[in-house]
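Visitor: Here you go, one structure.
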Amino acid sequence: MTRLLSRLSLLLALLIAPMPASAQGRTPEQTAAAALRAAPVIDGHNDVPEQLRVRYRNVIAGFDFADTAAAPAAEGGAVGMHTDLPRLRKGRVGGQFWSVYVSADLPEPQAVVAVLEQIDVMKRVMARHPRDLAFVTTAAQAEAAMKQGRIASLIGMEGGNSIGESLAVLRQTFELGARYLTLTHNKTLSWADAGTDAPNHDGLTDFGRKVVREMNRLGMLVDLSHVSEATMMDALDESKAPVIFSHSGARGVNGHARNVPDSVLRRLAANGGVLMVVGLPGFLSEELRQHAANRAAEQARLESLWRGQPAEVTTALATWDAAHPEPRVGVRVWADHVDHVRKLAGVDHVGIGGDYDGMPSGPVGAEDVSGYPALFAELARRGWTQADLEKLASRNIMRALKRAEVVAASMNDMAPIETPAVGTGS
């Protein structure tokens, strides 16, 4: 009798388990398309504002967002961009966090000015395209915009140097519409360690913890891309609201310091947070990461051998490049990271943060923002259901944004955190 009950239980489990696309009579492409119709992508990170700064110096009278394939190159850069309105539509993007990044090398007073300029220029782009783009600051506004067929446009600040060690500046950027702050960029700050720089604080300082608490009070998402593992852990300890990683990969697939270690992924579900998986090939492919390290080592060797003879170095390095072609990285490796995050954190805690226009190119098959359906079709081939894909596309990040708003509402009676002003003089 016990054996019969076990067999019946197994049969019942098989009957009610989600079926892969092929078992439902749909191709992976059809499953992906259905998911993206029901829940278009809300992408965590796009660097169009940076491109406007470096290519146009924020003078955008000649900027055509209907076609950026021939956008002028910045000095030393490539002609053309990854993002324009037709390709966003083709990629089934329904919402976008536009990154108002400024260089981590700027002195903080200049960084504050620069981030205000970046917020301004992106708002001007939105105002020029009201049929396609809707500036939103809440989850409800984002949902309404997407129902209208407009791309819900949110602002994300990348790098805590942009607040100039001032919670007052943080509050004012929130008032201007910023809805996440990436605590660091590539450099360690006076209050937070970055993942790609020498650590100074073993995570967050007391002021850094205050930044997290004030962001919770405001309803501003804490973004942990770019920060060190210790900073991630401290922020998870401190935050009452879900954290996000706006554009990071999984270190269990690629050991790059920009990726998130398994120890953090295992904590993400308890926080309610979302890792929005990046599309930058160097963060996705371990083979490509190793190739880059080997090339850097070869270049250092050649520069040591041919001191003061740069032409010899250039010739020899070109020979090495010809013998060691750069590995091609396709959407399957992107999908590997998404699968890894799902395995450790759960399907409710993964999203998409492409990093388009902040990298040379996306993976083969998804080189620009039109490529998201290819990633979703690859995941459908692996057995992801339509419901799973809808969570990945936008339902998870929308839930996190709503929860952050609930936490902020619960802190309505809390006064703004005050810290002494700096540079007041005598």
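For the structure tokens, the naming scheme is as follows: chains receive sequential letters (A, B, ...) according to their order of presentation, residues are indexed from 1 within each chain, and ligands are indexed from 1 in presentation order.
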Residues of stretch 33-112 of chain A within 12 Å of stretch 395-406 of chain A: nearest atom pair and distance (Å, one decimal) for each, counting only C-alpha atoms, sorted by chain and number, as CSV?
Guide:
```
residue,atom,partner,partner_atom,distance
A:Ala35,CA,A:Arg395,CA,10.8
A:Leu36,CA,A:Arg395,CA,11.0
A:Ala38,CA,A:Arg395,CA,10.1
A:Ala39,CA,A:Arg395,CA,7.0
A:Pro40,CA,A:Arg395,CA,9.1
A:Val41,CA,A:Arg395,CA,8.9
A:Ile42,CA,A:Ile397,CA,7.5
A:Asp43,CA,A:Ile397,CA,8.9
A:Gly44,CA,A:Ile397,CA,8.5
A:Gly94,CA,A:Arg395,CA,11.6
A:Gly95,CA,A:Met398,CA,10.0
A:Gln96,CA,A:Ile397,CA,11.1
A:Phe97,CA,A:Ile397,CA,10.9
```
Visitor: Would you mind exporting C-alpha atoms of the selected residues as a short mmCIF file (atom, residue, chain, number, x, y, z; two decimals), in the first residue's frame?
Guide:
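Wrote it out as again.cif, contents follow:
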```cif
data_model
loop_
_atom_site.label_atom_id
_atom_site.label_comp_id
_atom_site.auth_asym_id
_atom_site.auth_seq_id
_atom_site.Cartn_x
_atom_site.Cartn_y
_atom_site.Cartn_z
CA ALA A 35 6.01 35.74 -21.84
CA LEU A 36 7.31 39.03 -23.21
CA ALA A 38 2.43 39.41 -20.93
CA ALA A 39 5.39 40.93 -19.04
CA PRO A 40 7.78 43.00 -21.16
CA VAL A 41 11.35 43.38 -19.94
CA ILE A 42 12.14 45.94 -17.28
CA ASP A 43 15.89 46.24 -17.73
CA GLY A 44 18.03 47.27 -14.77
CA GLY A 94 8.61 47.77 -21.47
CA GLY A 95 10.60 49.50 -18.76
CA GLN A 96 14.13 50.80 -18.43
CA PHE A 97 16.32 52.07 -15.61
#
```
Visitor: Write out as a VMD selection string the set of residues from stretch 102-225 of chain A that DSSP, computed on the backbone, places in strand (DSSP E or B).
Guide: chain A and resid 133 to 135 151 to 158 178 to 182 192 194 204 221 to 223
Visitor: Please extract the residues of stretch 129-273 of chain A with a backbone DSSP assignment of alpha helix (DSSP H) and present them as a PyMOL selection string.
Guide: chain A and resi 139-147+167-175+206-218+229-238+262-271
Visitor: What is the distance, in Å and to one decimal place, between atom CA of A:Met233 and atom CA of A:Ser153?
Guide: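 Atom-to-atom, atom CA of A:Met233 and atom CA of A:Ser153 are spaced 29.4 Å apart.
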Visitor: List every residue of stretch 68-170 of chain A that has an atom at most 10 Å from any atom of stretch 236-253 of chain A, giving for each one its closest atom pair and the distance in Å to one decimal, counting only C-alpha atoms, sorted by chain and then by ascending residue number, as CSV.
Guide:
```
residue,atom,partner,partner_atom,distance
A:Phe97,CA,A:Ser246,CA,8.7
A:Ser99,CA,A:Ser246,CA,9.6
A:Gly156,CA,A:Ser246,CA,8.9
A:Glu158,CA,A:Ser246,CA,9.4
```
Visitor: Include all heavy atoms and write out the residues we just selected as a PDB file, in the first residue's frame.
Guide:
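Result file is out_35.pdb:
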```pdb
ATOM      1  N   PHE A  97      15.567  51.212 -16.520  1.00  0.00           N
ATOM      2  CA  PHE A  97      16.319  52.074 -15.614  1.00  0.00           C
ATOM      3  C   PHE A  97      17.453  52.685 -16.436  1.00  0.00           C
ATOM      4  O   PHE A  97      18.367  51.982 -16.863  1.00  0.00           O
ATOM      5  CB  PHE A  97      16.893  51.272 -14.448  1.00  0.00           C
ATOM      6  CG  PHE A  97      15.907  50.958 -13.360  1.00  0.00           C
ATOM      7  CD1 PHE A  97      15.185  49.773 -13.393  1.00  0.00           C
ATOM      8  CD2 PHE A  97      15.698  51.836 -12.303  1.00  0.00           C
ATOM      9  CE1 PHE A  97      14.279  49.470 -12.385  1.00  0.00           C
ATOM     10  CE2 PHE A  97      14.803  51.551 -11.289  1.00  0.00           C
ATOM     11  CZ  PHE A  97      14.088  50.365 -11.332  1.00  0.00           C
ATOM     12  N   SER A  99      20.760  54.703 -16.615  1.00  0.00           N
ATOM     13  CA  SER A  99      21.844  54.930 -15.666  1.00  0.00           C
ATOM     14  C   SER A  99      22.446  56.317 -15.863  1.00  0.00           C
ATOM     15  O   SER A  99      22.987  56.617 -16.933  1.00  0.00           O
ATOM     16  CB  SER A  99      22.935  53.876 -15.857  1.00  0.00           C
ATOM     17  OG  SER A  99      24.084  54.205 -15.115  1.00  0.00           O
ATOM     18  N   GLY A 156      18.386  55.572 -12.562  1.00  0.00           N
ATOM     19  CA  GLY A 156      19.253  54.940 -11.576  1.00  0.00           C
ATOM     20  C   GLY A 156      20.597  55.649 -11.538  1.00  0.00           C
ATOM     21  O   GLY A 156      21.186  55.914 -12.585  1.00  0.00           O
ATOM     22  N   GLU A 158      24.540  55.656 -10.727  1.00  0.00           N
ATOM     23  CA  GLU A 158      25.602  54.646 -10.626  1.00  0.00           C
ATOM     24  C   GLU A 158      26.839  55.274  -9.998  1.00  0.00           C
ATOM     25  O   GLU A 158      27.563  56.020 -10.635  1.00  0.00           O
ATOM     26  CB  GLU A 158      25.938  54.083 -12.009  1.00  0.00           C
ATOM     27  CG  GLU A 158      26.950  52.950 -11.935  1.00  0.00           C
ATOM     28  CD  GLU A 158      27.232  52.328 -13.283  1.00  0.00           C
ATOM     29  OE1 GLU A 158      27.039  53.001 -14.306  1.00  0.00           O
ATOM     30  OE2 GLU A 158      27.658  51.162 -13.296  1.00  0.00           O
TER      31      GLU A 158
END
```
Visitor: Of the candidates A:Arg382, A:Val329, A:Leu392, A:Leu265, which shows the shortest atom-to-atom distance to A:Leu344, using only C-alpha atoms?
Guide: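 Looking only at the distances to A:Leu344, the closest residue turns out to be A:Leu265.
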Visitor: Any idea what's packed within 7 Å of A:Leu88, counting only C-alpha atoms, ignoring anything in its chain fewer than 4 positions away? Could you give it as a list in words?
Guide: Thr83, Asp84, Arg92, Val93, Val369 and Ser370 of chain A
Visitor: Can you spit out the residues from that selection as a PDB file, in the first residue's frame, using N, CA and C atoms?
Guide:
```pdb
ATOM      1  N   THR A  83      21.260  51.221 -28.506  1.00  0.00           N
ATOM      2  CA  THR A  83      19.898  51.486 -28.060  1.00  0.00           C
ATOM      3  C   THR A  83      19.247  52.563 -28.903  1.00  0.00           C
ATOM      4  N   ASP A  84      18.059  52.280 -29.411  1.00  0.00           N
ATOM      5  CA  ASP A  84      17.179  53.306 -29.953  1.00  0.00           C
ATOM      6  C   ASP A  84      15.745  52.803 -29.820  1.00  0.00           C
ATOM      7  N   ARG A  92      11.368  43.950 -26.935  1.00  0.00           N
ATOM      8  CA  ARG A  92      10.251  43.792 -25.994  1.00  0.00           C
ATOM      9  C   ARG A  92      10.591  44.421 -24.638  1.00  0.00           C
ATOM     10  N   VAL A  93      11.206  45.592 -24.679  1.00  0.00           N
ATOM     11  CA  VAL A  93      11.508  46.334 -23.460  1.00  0.00           C
ATOM     12  C   VAL A  93      10.308  47.216 -23.119  1.00  0.00           C
ATOM     13  N   VAL A 369      19.978  46.026 -27.780  1.00  0.00           N
ATOM     14  CA  VAL A 369      18.768  45.853 -26.965  1.00  0.00           C
ATOM     15  C   VAL A 369      17.661  45.083 -27.668  1.00  0.00           C
ATOM     16  N   SER A 370      17.812  44.835 -28.955  1.00  0.00           N
ATOM     17  CA  SER A 370      16.802  44.041 -29.658  1.00  0.00           C
ATOM     18  C   SER A 370      16.934  42.554 -29.367  1.00  0.00           C
TER      19      SER A 370
END
```
Visitor: Pick from A:Val212, A:Asp206, A:Arg124, A:Met81: nearest to A:Ala61, with only C-alpha atoms counted?
Guide: A:Arg124
Visitor: Work out how far apart atom CA of A:Ser394 and atom CA of A:Ala134 are and give it in Å to one decimal.
Guide: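 Straight-line distance from atom CA of A:Ser394 to atom CA of A:Ala134 works out to 16.6 Å.
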